[in-house]
Amino acid sequence: ATIKRKKGANDAKRGQAFTRLGRELAIAAREGGADPEANFRLRLVADKARGAGMPKENIERAIRRGAGLDKDAEAFEEAMFEGYGPHGVAMLVKVVTDNRNRTISDLRHLFARSGGNMAENGAVAWSFEQMGYISAPREGRDSDKVFEMAIEAGAEDVEIGNETIEFYTQPGDLHRVSTALQKVGVKPESIELVMKPKTPLALEAKDALAVLNVIENLEELDDVQTVFSNLDITEDVVKEMEALAA
């Protein structure tokens, strides 16, 4: 019975992920057309959908809907909402919704329940900048070699962890840089556009854990695609959080 319940929960999460990806595919196709070769954003989302195991027919159906080639096309809109979570952490919440009022109500309720609040347009967004983002396994690479590789590929910045390397690019350079990195043996796990905080905020482990719980609750809302925050999570904090959560 426990295994059955766990499988049901995993299937539900998978279904929710496919719904979100379907909406994102539709928005990308609506804005830039149904051809992934000519629409970089659509190509990014389609790659993410395939990586998540979304069936090919589901991907194609979502693209047709977004491009207006399917009679069942739904009227979704994309929006970014701003707010503050616990301990003053700034958050940007990217949504795709067919009912803006419902989404705002759900977000306002969750922010208030967590001790935070929604903010006016521009109150938070100024402290983030849009960047291209590529993450890949480090695979034992030397730090100097990684920096050299990043510069040669045209990346703006690189953050090197024990297990993972994160490359940042200008939004328009993301495809070119990811292609250059793959040519020298980097195997990206994620290629996407993100909102990067200009001034990350470091917190004690227990406070960081409280913020991450709020982010997780936000991401469980059906209309929410992604939550960006200025929470700075160092590897030391991750270890502490793992100990606290154990």
# chains A, B, ... in the order shown; residues from 1 in each chain; ligands from 1
>>> residues_around(residues="Ala155 in chain A", least_positions_apart="6", cutoff="9 Å", atoms="only C-alpha atoms", output="PDB file with C-alpha atoms, in the first residue's frame")
ATOM      1  CA  MET A 149      36.997  26.702 -20.928  1.00  0.00           C
ATOM      2  CA  PHE A 167      28.006  28.839 -16.530  1.00  0.00           C
ATOM      3  CA  TYR A 168      26.239  32.184 -17.046  1.00  0.00           C
ATOM      4  CA  THR A 169      25.884  33.935 -20.408  1.00  0.00           C
ATOM      5  CA  GLN A 170      24.143  36.912 -21.943  1.00  0.00           C
ATOM      6  CA  ASP A 173      24.576  33.991 -26.331  1.00  0.00           C
ATOM      7  CA  LEU A 174      23.109  30.953 -24.547  1.00  0.00           C
ATOM      8  CA  VAL A 177      27.995  29.109 -25.569  1.00  0.00           C
TER       9      VAL A 177
END
>>> closest_atom_pairs(of="range 86-200 of chain A", to="range 25-41 of chain A", cutoff="9 Å", atoms="only C-alpha atoms", output="tab-separated table")
residue	atom	partner	partner_atom	distance
A:Val96	CA	A:Ile27	CA	8.2
A:His175	CA	A:Phe40	CA	7.7
A:Glu192	CA	A:Arg41	CA	8.5
A:Leu193	CA	A:Arg41	CA	8.7
>>> select_by_dssp(residues="range 8-233 of chain A", states="strand (DSSP E)", output="VMD selection string")
chain A and resid 77 to 84 90 to 97 117 to 119 128 to 137 157 to 160 164 to 169 190 to 197 201 to 202 224 to 229 231 to 232
>>> closest_residue(among="A:Ala17, A:Ile104, A:Ala153, A:Met54", to="Gly83 in chain A", atoms="only C-alpha atoms")
A:Ile104
>>> atom_distance(atom1="CA of Val194 in chain A", atom2="CA of Ala90 in chain A")
14.8 Å
>>> residues_around(residues="Ile215 in chain A", least_positions_apart="5", cutoff="12 Å", atoms="only C-alpha atoms", output="list of chain:residue names")
A:Gly83, A:Tyr84, A:Gly85, A:Pro86, A:Val89, A:Ala90, A:Met91, A:Leu92, A:Val93, A:Lys94, A:Leu107, A:Leu110, A:Phe111, A:Ser114, A:Gly116, A:Ala208, A:Leu209, A:Ala210, A:Glu220, A:Leu221, A:Val224, A:Gln225, A:Thr226, A:Val227, A:Phe228, A:Ser229, A:Asn230, A:Leu231
>>> write_last_selection(atoms="N, CA and C atoms", output="compact mmCIF listing (two decimals), in the first residue's frame")
# COMPACT_ATOMS: atom_id res chain seq x y z
N GLY A 83 7.62 39.28 -4.87
CA GLY A 83 7.25 39.22 -3.46
C GLY A 83 8.46 39.04 -2.57
N TYR A 84 8.20 39.06 -1.27
CA TYR A 84 9.23 38.82 -0.26
C TYR A 84 8.80 37.63 0.59
N GLY A 85 9.73 36.68 0.75
CA GLY A 85 9.46 35.54 1.60
C GLY A 85 9.96 35.80 3.01
N PRO A 86 10.07 34.76 3.83
CA PRO A 86 10.60 34.91 5.19
C PRO A 86 12.00 35.53 5.15
N VAL A 89 13.73 37.62 2.00
CA VAL A 89 14.27 37.06 0.75
C VAL A 89 13.39 37.52 -0.42
N ALA A 90 14.03 38.10 -1.44
CA ALA A 90 13.31 38.59 -2.62
C ALA A 90 13.00 37.41 -3.55
N MET A 91 11.77 37.40 -4.10
CA MET A 91 11.36 36.30 -4.97
C MET A 91 10.66 36.82 -6.22
N LEU A 92 10.95 36.18 -7.34
CA LEU A 92 10.23 36.38 -8.58
C LEU A 92 9.54 35.06 -8.92
N VAL A 93 8.24 35.12 -9.17
CA VAL A 93 7.47 33.90 -9.43
C VAL A 93 6.96 33.94 -10.87
N LYS A 94 7.49 33.06 -11.69
CA LYS A 94 7.07 32.99 -13.10
C LYS A 94 5.87 32.05 -13.21
N LEU A 107 -1.26 33.05 -4.87
CA LEU A 107 0.07 33.54 -4.49
C LEU A 107 -0.01 34.41 -3.24
N LEU A 110 -0.47 32.29 -0.15
CA LEU A 110 0.72 31.53 0.25
C LEU A 110 1.81 32.44 0.83
N PHE A 111 2.00 33.59 0.22
CA PHE A 111 2.99 34.54 0.75
C PHE A 111 2.60 34.96 2.17
N SER A 114 3.20 32.40 4.83
CA SER A 114 4.61 32.12 5.14
C SER A 114 5.28 33.29 5.86
N GLY A 116 5.46 36.30 4.55
CA GLY A 116 5.98 37.23 3.55
C GLY A 116 4.85 38.06 2.97
N ALA A 208 17.40 29.39 6.04
CA ALA A 208 17.43 29.04 4.62
C ALA A 208 16.45 27.90 4.33
N LEU A 209 16.39 26.94 5.24
CA LEU A 209 15.48 25.80 5.08
C LEU A 209 14.02 26.28 5.08
N ALA A 210 13.69 27.25 5.94
CA ALA A 210 12.33 27.80 5.99
C ALA A 210 11.98 28.47 4.66
N GLU A 220 4.60 24.16 -6.05
CA GLU A 220 3.55 23.13 -6.12
C GLU A 220 2.22 23.69 -6.64
N LEU A 221 2.08 25.02 -6.68
CA LEU A 221 0.86 25.61 -7.25
C LEU A 221 0.82 25.32 -8.74
N VAL A 224 2.31 27.89 -11.30
CA VAL A 224 3.70 28.36 -11.13
C VAL A 224 4.65 27.48 -11.94
N GLN A 225 5.48 28.16 -12.75
CA GLN A 225 6.49 27.46 -13.54
C GLN A 225 7.82 27.39 -12.79
N THR A 226 8.26 28.53 -12.27
CA THR A 226 9.57 28.61 -11.61
C THR A 226 9.55 29.72 -10.57
N VAL A 227 10.34 29.54 -9.52
CA VAL A 227 10.54 30.61 -8.52
C VAL A 227 12.03 30.94 -8.48
N PHE A 228 12.35 32.22 -8.69
CA PHE A 228 13.72 32.69 -8.56
C PHE A 228 13.81 33.48 -7.26
N SER A 229 14.91 33.32 -6.53
CA SER A 229 15.07 34.07 -5.28
C SER A 229 16.52 34.54 -5.16
N ASN A 230 16.75 35.47 -4.22
CA ASN A 230 18.13 35.92 -3.99
C ASN A 230 18.78 35.19 -2.82
N LEU A 231 18.19 34.05 -2.42
CA LEU A 231 18.77 33.25 -1.34
C LEU A 231 20.08 32.64 -1.80
>>> atom_distance(atom1="CA of Asp47 in chain A", atom2="CA of Pro188 in chain A")
11.3 Å
>>> select_by_dssp(residues="range 1-209 of chain A", states="alpha helix (DSSP H)", output="MDAnalysis selection string")
chainID A and resid 2:32 40:51 56:66 100:113 143:153 174:183 205:209
>>> atom_distance(atom1="CA of Glu204 in chain A", atom2="CA of Glu216 in chain A")
18.3 Å
>>> residues_around(residues="Glu24 in chain A", least_positions_apart="5", cutoff="10 Å", atoms="only C-alpha atoms", output="list in words")
Phe18, Thr19, Ala29, Arg30, Arg41, Leu42, Val45, Ala46, Ala49, Ala62, Ile63, Gly66, Phe76, Glu77, Glu78, Val95, Val96 and Gln225 of chain A
>>> closest_residue(among="A:Asp142, A:Glu60, A:Glu152, A:Glu120", to="Met80 in chain A", atoms="only C-alpha atoms")
A:Glu120
